[in-house]
file start-v3.cif (mmCIF, C-alpha atoms)
data_entry
#
loop_
_atom_site.label_atom_id
_atom_site.label_comp_id
_atom_site.auth_asym_id
_atom_site.auth_seq_id
_atom_site.Cartn_x
_atom_site.Cartn_y
_atom_site.Cartn_z
CA MET X 1 0.00 0.00 0.00
CA VAL X 2 1.35 3.42 -0.92
CA PRO X 3 0.99 6.51 1.30
CA ASP X 4 -2.26 8.40 0.73
CA ARG X 5 -0.61 11.48 -0.76
CA VAL X 6 1.42 9.38 -3.17
CA GLY X 7 -1.63 7.37 -4.19
CA ARG X 8 -3.76 10.45 -4.84
CA THR X 9 -0.99 12.13 -6.81
CA MET X 10 -0.27 9.15 -9.04
CA ASN X 11 -3.95 8.40 -9.64
CA ARG X 12 -4.52 11.96 -10.82
CA LEU X 13 -1.39 11.90 -12.97
CA ALA X 14 -2.42 8.63 -14.61
CA GLU X 15 -5.94 9.94 -15.27
CA SER X 16 -4.62 13.16 -16.75
CA LEU X 17 -2.05 11.42 -18.95
CA ALA X 18 -4.49 8.75 -20.17
CA ALA X 19 -7.03 11.40 -21.13
CA ARG X 20 -4.47 13.38 -23.12
CA LEU X 21 -2.55 10.44 -24.62
CA PRO X 22 -5.12 7.71 -25.36
CA GLY X 23 -3.41 4.38 -25.98
CA ALA X 24 0.11 5.72 -25.50
CA LEU X 25 0.60 5.01 -21.80
CA GLU X 26 1.35 1.37 -20.99
CA ALA X 27 2.11 1.48 -17.25
CA ILE X 28 3.36 3.66 -14.41
CA TYR X 29 5.61 2.30 -11.66
CA LEU X 30 6.89 3.84 -8.46
CA TYR X 31 10.47 3.28 -7.37
CA GLY X 32 12.67 5.16 -4.89
CA SER X 33 11.64 5.79 -1.29
CA THR X 34 7.99 4.83 -1.84
CA ALA X 35 8.91 1.42 -3.26
CA LEU X 36 11.36 0.88 -0.40
CA GLY X 37 8.72 1.72 2.22
CA ALA X 38 10.68 4.80 3.25
CA TYR X 39 8.53 7.68 1.99
CA VAL X 40 8.39 10.68 4.35
CA GLU X 41 5.67 13.19 3.45
CA GLY X 42 7.07 16.66 2.93
CA SER X 43 10.61 15.32 2.64
CA SER X 44 10.69 12.55 0.03
CA ASP X 45 10.29 12.78 -3.74
CA ILE X 46 7.72 10.68 -5.57
CA ASP X 47 9.87 8.80 -8.09
CA PHE X 48 8.17 7.18 -11.08
CA ILE X 49 8.81 5.47 -14.39
CA ALA X 50 6.11 5.84 -17.03
CA VAL X 51 6.34 3.13 -19.69
CA VAL X 52 5.05 4.48 -23.00
CA ARG X 53 4.24 2.57 -26.18
CA ARG X 54 6.03 5.02 -28.47
CA ALA X 55 8.75 7.62 -28.26
CA PRO X 56 6.95 10.88 -27.45
CA ALA X 57 6.30 13.22 -30.37
CA ARG X 58 6.23 17.01 -29.99
CA SER X 59 2.46 16.93 -29.47
CA ASP X 60 2.88 14.24 -26.80
CA MET X 61 5.38 16.42 -24.96
CA GLN X 62 2.88 19.24 -24.82
CA ALA X 63 0.19 16.90 -23.50
CA ILE X 64 2.52 15.48 -20.81
CA ALA X 65 3.59 18.98 -19.74
CA GLU X 66 -0.08 19.98 -19.44
CA ALA X 67 -0.84 16.90 -17.34
CA HIS X 68 1.95 17.73 -14.92
CA GLY X 69 0.89 21.35 -14.76
CA GLU X 70 -2.58 20.21 -13.78
CA ILE X 71 -1.18 18.04 -10.99
CA GLU X 72 1.05 20.84 -9.70
CA ARG X 73 -1.97 23.14 -9.43
CA GLU X 74 -4.23 20.58 -7.78
CA LEU X 75 -1.66 19.04 -5.41
CA ALA X 76 0.75 21.85 -4.66
CA GLY X 77 3.82 20.85 -2.68
CA THR X 78 4.12 17.37 -4.18
CA ASP X 79 7.63 16.76 -5.51
CA LEU X 80 7.40 14.47 -8.54
CA MET X 81 10.43 13.14 -10.41
CA GLY X 82 10.31 10.62 -13.22
CA ALA X 83 11.01 9.51 -16.77
CA TYR X 84 8.97 8.50 -19.81
CA ILE X 85 10.58 5.58 -21.61
CA THR X 86 9.61 2.67 -23.83
CA ARG X 87 9.62 -0.95 -22.70
CA ASN X 88 12.74 -1.63 -24.79
CA ASP X 89 14.67 1.02 -22.85
CA LEU X 90 14.06 -0.46 -19.41
CA GLY X 91 17.35 -1.28 -17.71
CA LYS X 92 19.46 0.98 -19.92
CA GLN X 93 21.65 3.88 -18.82
CA PRO X 94 21.20 7.42 -20.22
CA PRO X 95 24.10 7.13 -22.74
CA GLU X 96 22.20 4.23 -24.34
CA LEU X 97 18.90 6.11 -24.40
CA SER X 98 17.64 8.65 -26.89
CA GLY X 99 14.48 10.65 -27.13
CA PHE X 100 13.23 10.10 -23.60
CA LEU X 101 11.53 12.69 -21.44
CA THR X 102 12.13 13.48 -17.79
CA TYR X 103 10.08 15.41 -15.27
CA PHE X 104 12.42 17.14 -12.87
CA ASN X 105 12.28 20.31 -10.77
CA LYS X 106 8.65 20.81 -11.84
CA GLN X 107 9.52 20.96 -15.53
CA LEU X 108 9.42 18.54 -18.45
CA HIS X 109 12.75 18.04 -20.23
CA ASP X 110 13.53 16.36 -23.55
CA ASP X 111 17.28 16.03 -22.95
CA GLY X 112 17.34 13.70 -19.94
CA THR X 113 17.83 16.50 -17.39
CA GLY X 114 17.55 15.10 -13.89
CA ALA X 115 17.43 11.53 -15.19
CA ASP X 116 17.69 9.11 -12.30
CA LEU X 117 18.21 6.04 -14.49
CA ASN X 118 21.09 4.02 -13.08
CA PRO X 119 21.73 0.52 -11.70
CA VAL X 120 20.21 1.45 -8.31
CA THR X 121 17.01 2.67 -10.00
CA TRP X 122 16.70 -0.46 -12.10
CA TRP X 123 17.46 -2.72 -9.13
CA VAL X 124 14.75 -1.10 -6.99
CA LEU X 125 12.24 -1.06 -9.86
CA GLN X 126 12.80 -4.73 -10.62
CA LYS X 127 12.66 -5.96 -7.03
CA HIS X 128 10.33 -3.49 -5.33
CA GLY X 129 8.62 -1.40 -8.03
CA ILE X 130 4.94 -0.65 -7.37
CA ARG X 131 2.61 -0.58 -10.36
CA VAL X 132 0.04 2.21 -9.99
CA TYR X 133 -1.37 2.18 -13.53
CA GLY X 134 -1.68 -0.20 -16.47
CA ASP X 135 -0.59 -3.77 -17.02
CA ASP X 136 2.38 -5.60 -15.56
CA VAL X 137 5.53 -4.98 -17.55
CA PRO X 138 8.24 -7.68 -17.54
CA PHE X 139 11.56 -6.39 -16.26
CA ALA X 140 13.77 -8.66 -18.35
CA TYR X 141 17.01 -6.80 -17.76
CA GLU X 142 19.69 -7.84 -15.25
CA VAL X 143 21.48 -5.79 -12.61
CA PRO X 144 24.50 -7.86 -11.49
CA GLU X 145 25.73 -7.20 -7.96
CA ASP X 146 29.16 -6.17 -9.23
CA LYS X 147 27.64 -3.56 -11.55
CA LEU X 148 25.55 -2.21 -8.69
CA ALA X 149 28.66 -1.92 -6.52
CA ASP X 150 30.70 -0.42 -9.38
CA TYR X 151 28.14 2.33 -9.88
CA VAL X 152 27.87 3.11 -6.18
CA ILE X 153 31.61 3.26 -5.49
CA ASP X 154 32.13 5.51 -8.51
CA ASN X 155 29.39 7.79 -7.19
CA MET X 156 31.00 7.78 -3.76
CA ASN X 157 34.38 8.74 -5.21
CA THR X 158 33.06 11.50 -7.48
CA TYR X 159 29.77 13.10 -6.47
CA TRP X 160 30.10 12.50 -2.73
CA ALA X 161 33.84 13.23 -2.69
CA GLY X 162 32.94 16.62 -4.14
CA TRP X 163 30.51 17.23 -1.30
CA ILE X 164 33.19 16.37 1.25
CA ASP X 165 35.67 18.78 -0.33
CA ARG X 166 33.13 21.62 -0.42
CA LEU X 167 32.07 21.10 3.18
CA ALA X 168 35.69 20.98 4.32
CA GLN X 169 36.25 24.44 2.84
CA HIS X 170 33.75 25.85 5.35
CA GLU X 171 35.61 24.52 8.40
CA SER X 172 37.73 27.67 8.58
CA LYS X 173 34.68 29.92 9.01
CA GLN X 174 34.13 31.67 12.30
CA PRO X 175 31.54 30.18 14.71
CA ALA X 176 29.28 33.23 14.40
CA GLU X 177 29.17 32.83 10.62
CA LEU X 178 28.39 29.14 10.87
CA ASP X 179 25.61 29.87 13.35
CA THR X 180 23.82 31.88 10.67
CA GLN X 181 24.01 28.88 8.34
CA ALA X 182 22.46 26.31 10.69
CA GLN X 183 19.55 25.55 8.37
CA ARG X 184 21.84 24.96 5.39
CA LEU X 185 23.98 22.71 7.55
CA ASP X 186 20.84 20.80 8.55
CA GLN X 187 20.24 20.10 4.88
CA ALA X 188 23.84 19.00 4.34
CA VAL X 189 23.73 16.68 7.37
CA GLU X 190 20.55 14.96 6.21
CA TRP X 191 21.52 14.74 2.53
CA CYS X 192 25.14 13.67 2.96
CA VAL X 193 25.04 11.40 6.02
CA LEU X 194 22.04 9.37 4.90
CA GLY X 195 23.02 9.49 1.24
CA MET X 196 26.50 8.14 1.87
CA LEU X 197 25.23 5.55 4.32
CA ARG X 198 22.96 4.28 1.56
CA GLN X 199 26.08 3.86 -0.57
CA LEU X 200 27.88 2.02 2.21
CA TYR X 201 24.88 -0.29 2.66
CA THR X 202 24.86 -1.16 -1.04
CA VAL X 203 28.58 -1.88 -1.20
CA SER X 204 28.49 -3.95 1.97
CA GLU X 205 25.13 -5.73 1.71
CA CYS X 206 24.69 -5.93 -2.09
CA GLY X 207 21.25 -4.38 -1.80
CA VAL X 208 19.48 -1.02 -1.62
CA THR X 209 17.78 0.68 1.31
CA GLY X 210 16.02 3.97 1.94
CA LYS X 211 17.49 6.88 3.87
CA ILE X 212 16.00 6.00 7.25
CA GLY X 213 17.01 2.38 6.72
CA ALA X 214 20.51 3.61 5.91
CA GLY X 215 20.59 5.61 9.14
CA THR X 216 19.52 2.57 11.13
CA TYR X 217 22.22 0.55 9.38
CA GLY X 218 24.82 3.17 10.24
CA LEU X 219 23.86 3.00 13.92
CA THR X 220 24.43 -0.76 13.73
CA VAL X 221 27.79 -0.90 11.96
CA LEU X 222 29.59 2.36 12.76
CA PRO X 223 31.30 3.32 16.06
CA GLU X 224 29.20 5.10 18.70
CA ARG X 225 31.20 8.26 18.13
CA TRP X 226 29.13 8.87 14.99
CA HIS X 227 25.72 7.96 16.40
CA PRO X 228 24.69 11.50 17.46
CA LEU X 229 25.25 12.84 13.94
CA ILE X 230 23.43 9.88 12.37
CA ARG X 231 20.50 10.30 14.77
CA GLU X 232 20.41 13.99 13.92
CA ALA X 233 20.36 13.26 10.18
CA MET X 234 17.42 10.89 10.71
CA ALA X 235 15.56 13.49 12.77
CA ILE X 236 16.03 16.11 10.04
CA LYS X 237 14.79 13.66 7.40
CA ARG X 238 11.69 12.99 9.53
CA ARG X 239 11.24 16.76 9.94
CA ARG X 240 11.68 16.60 13.68
CA ALA X 241 13.22 19.32 15.82
CA GLU X 242 15.64 17.25 17.93
CA ARG X 243 19.30 18.20 17.51
CA GLU X 244 22.37 16.60 19.08
CA TYR X 245 24.85 19.46 18.70
CA GLY X 246 25.05 22.82 20.41
CA SER X 247 27.95 23.99 18.25
CA GLN X 248 27.66 24.34 14.48
CA GLN X 249 31.44 24.27 14.23
CA ALA X 250 31.62 20.91 16.00
CA ARG X 251 28.77 19.58 13.88
CA LEU X 252 30.49 20.59 10.65
CA ARG X 253 33.81 19.12 11.78
CA ASP X 254 32.17 15.81 12.67
CA LEU X 255 30.19 15.81 9.43
CA VAL X 256 33.33 16.06 7.32
CA GLU X 257 35.11 13.41 9.38
CA LEU X 258 32.16 11.02 9.25
CA LEU X 259 31.76 11.35 5.49
CA ARG X 260 35.47 10.67 5.03
CA ALA X 261 35.19 7.63 7.28
CA ILE X 262 32.23 6.29 5.29
CA ARG X 263 34.07 6.79 2.02
CA THR X 264 37.18 5.04 3.36
CA GLU X 265 35.15 2.10 4.66
CA GLY X 266 33.16 1.81 1.45
CA ASN X 267 36.30 1.67 -0.65
CA ARG X 268 37.89 -0.84 1.73
CA ILE X 269 34.91 -3.20 1.44
CA TYR X 270 34.65 -2.76 -2.32
CA HIS X 271 38.32 -3.48 -3.05
CA THR X 272 38.51 -6.34 -0.53
CA ARG X 273 35.67 -8.12 -2.33
CA ARG X 274 37.36 -7.72 -5.68
CA ARG X 275 40.66 -9.30 -4.69
#
call {"tool": "encode", "arguments": {"input": "start-v3.cif", "output": "structure tokens"}}
result
Amino acid sequence: MVPDRVGRTMNRLAESLAARLPGALEAIYLYGSTALGAYVEGSSDIDFIAVVRRAPARSDMQAIAEAHGEIERELAGTDLMGAYITRNDLGKQPPELSGFLTYFNKQLHDDGTGADLNPVTWWVLQKHGIRVYGDDVPFAYEVPEDKLADYVIDNMNTYWAGWIDRLAQHESKQPAELDTQAQRLDQAVEWCVLGMLRQLYTVSECGVTGKIGAGTYGLTVLPERWHPLIREAMAIKRRRAEREYGSQQARLRDLVELLRAIRTEGNRIYHTRRR
């Protein structure tokens, strides 16, 4: 069962799309936090894959944009993110795809902007995807464990390494300046701690979990020194007010050190398994 807000949103989207594109829409599936049972209203995206019977023409793009505009007006505050692809493109990565649409940042794009199509997406869709419209679609592609781990460790050593470097540049700021940036640091704590713990979980457990599940995992496998920051990240994700730090400077310092520790451990596990 999907959360009420997710269900209402996807039902309206499916109705609006079907009315504007008769016969073109084959199925809609949810993946991401909803499929993993980790959706947090007001905090999580609604991630979807719409399987279409044909590559969208210019007129189809206009119809899809209108459908999303209708949903944004009726259900303001819902953060939808998804892609429109054909059955033959399921399981492929963006370099292999052409002519697919994405809905990202409340806009429709024809160049793959915001595309979240990667081995993690395909793994979750295949194993936990929730069909909310249309007929069952066979997911005939494969996501080998080594490819899943390869993708995640590359992401850890590029995207997340960039986050670590940028956060470290703020460590020299004065406490008073950091105090004015507490809300932005909240966002960084939630996004980075839980995001990198998800990566660690995948490399270690050969599976995928949601952000809260990743936080719980971190509390299980990492030293107690890091537990306050992990608990704080989980509280922020749940939109709760509890905080574990009185000093923003100490929180930033620990954040950088924890992220470095997660990256080091992830790489250790990854390379040990490949020996």
call {"tool": "closest_residue", "arguments": {"input": "start-v3.cif", "among": "X:Asp110, X:Asp254, X:Asp165, X:Glu74", "to": "Asp60 of chain X", "atoms": "all atoms listed in the file"}}
result
X:Asp110
call {"tool": "closest_residue", "arguments": {"input": "start-v3.cif", "among": "X:Val152, X:Ala261, X:Leu178, X:Ile85", "to": "Val208 of chain X", "atoms": "only C-alpha atoms"}}
result
X:Val152
call {"tool": "axis_aligned_box", "arguments": {"input": "start-v3.cif", "around": "segment 122-129 of chain X", "padding_each_side": "5 Å", "output": "JSON"}}
result
{"center_x": 13.0, "center_y": -3.2, "center_z": -8.7, "size_x": 18.8, "size_y": 15.5, "size_z": 16.8}
call {"tool": "resolve_selection", "arguments": {"input": "start-v3.cif", "expression": "the PyMOL selection byres ((chain X and resi 193-198) around 7)", "output": "VMD selection string"}}
result
chain X and resid 189 to 192 199 to 202 209 to 211 214 to 215 218 230 233 259 262
call {"tool": "resolve_selection", "arguments": {"input": "start-v3.cif", "expression": "the PyMOL selection byres ((chain X and resi 232) around 12)", "output": "ChimeraX atom specification"}}
result
/X:185-194,212,215-216,219,226-231,233-246,251,254-255
call {"tool": "atom_distance", "arguments": {"input": "start-v3.cif", "atom1": "atom CA of Glu145 of chain X", "atom2": "atom CA of Leu117 of chain X"}}
result
16.6 Å
call {"tool": "closest_residue", "arguments": {"input": "start-v3.cif", "among": "X:Met156, X:Val52, X:Leu17, X:Leu80", "to": "Gly114 of chain X", "atoms": "all atoms listed in the file"}}
result
X:Leu80
call {"tool": "resolve_selection", "arguments": {"input": "start-v3.cif", "expression": "the PyMOL selection byres ((chain X and resi 56) around 9)", "output": "ChimeraX atom specification"}}
result
/X:24,52-55,57-61,84-85,99-101
call {"tool": "atom_distance", "arguments": {"input": "start-v3.cif", "atom1": "atom CA of Asp89 of chain X", "atom2": "atom CA of Gly7 of chain X"}}
result
25.6 Å
call {"tool": "atom_distance", "arguments": {"input": "start-v3.cif", "atom1": "atom CA of Ala50 of chain X", "atom2": "atom CA of Asp154 of chain X"}}
result
27.4 Å
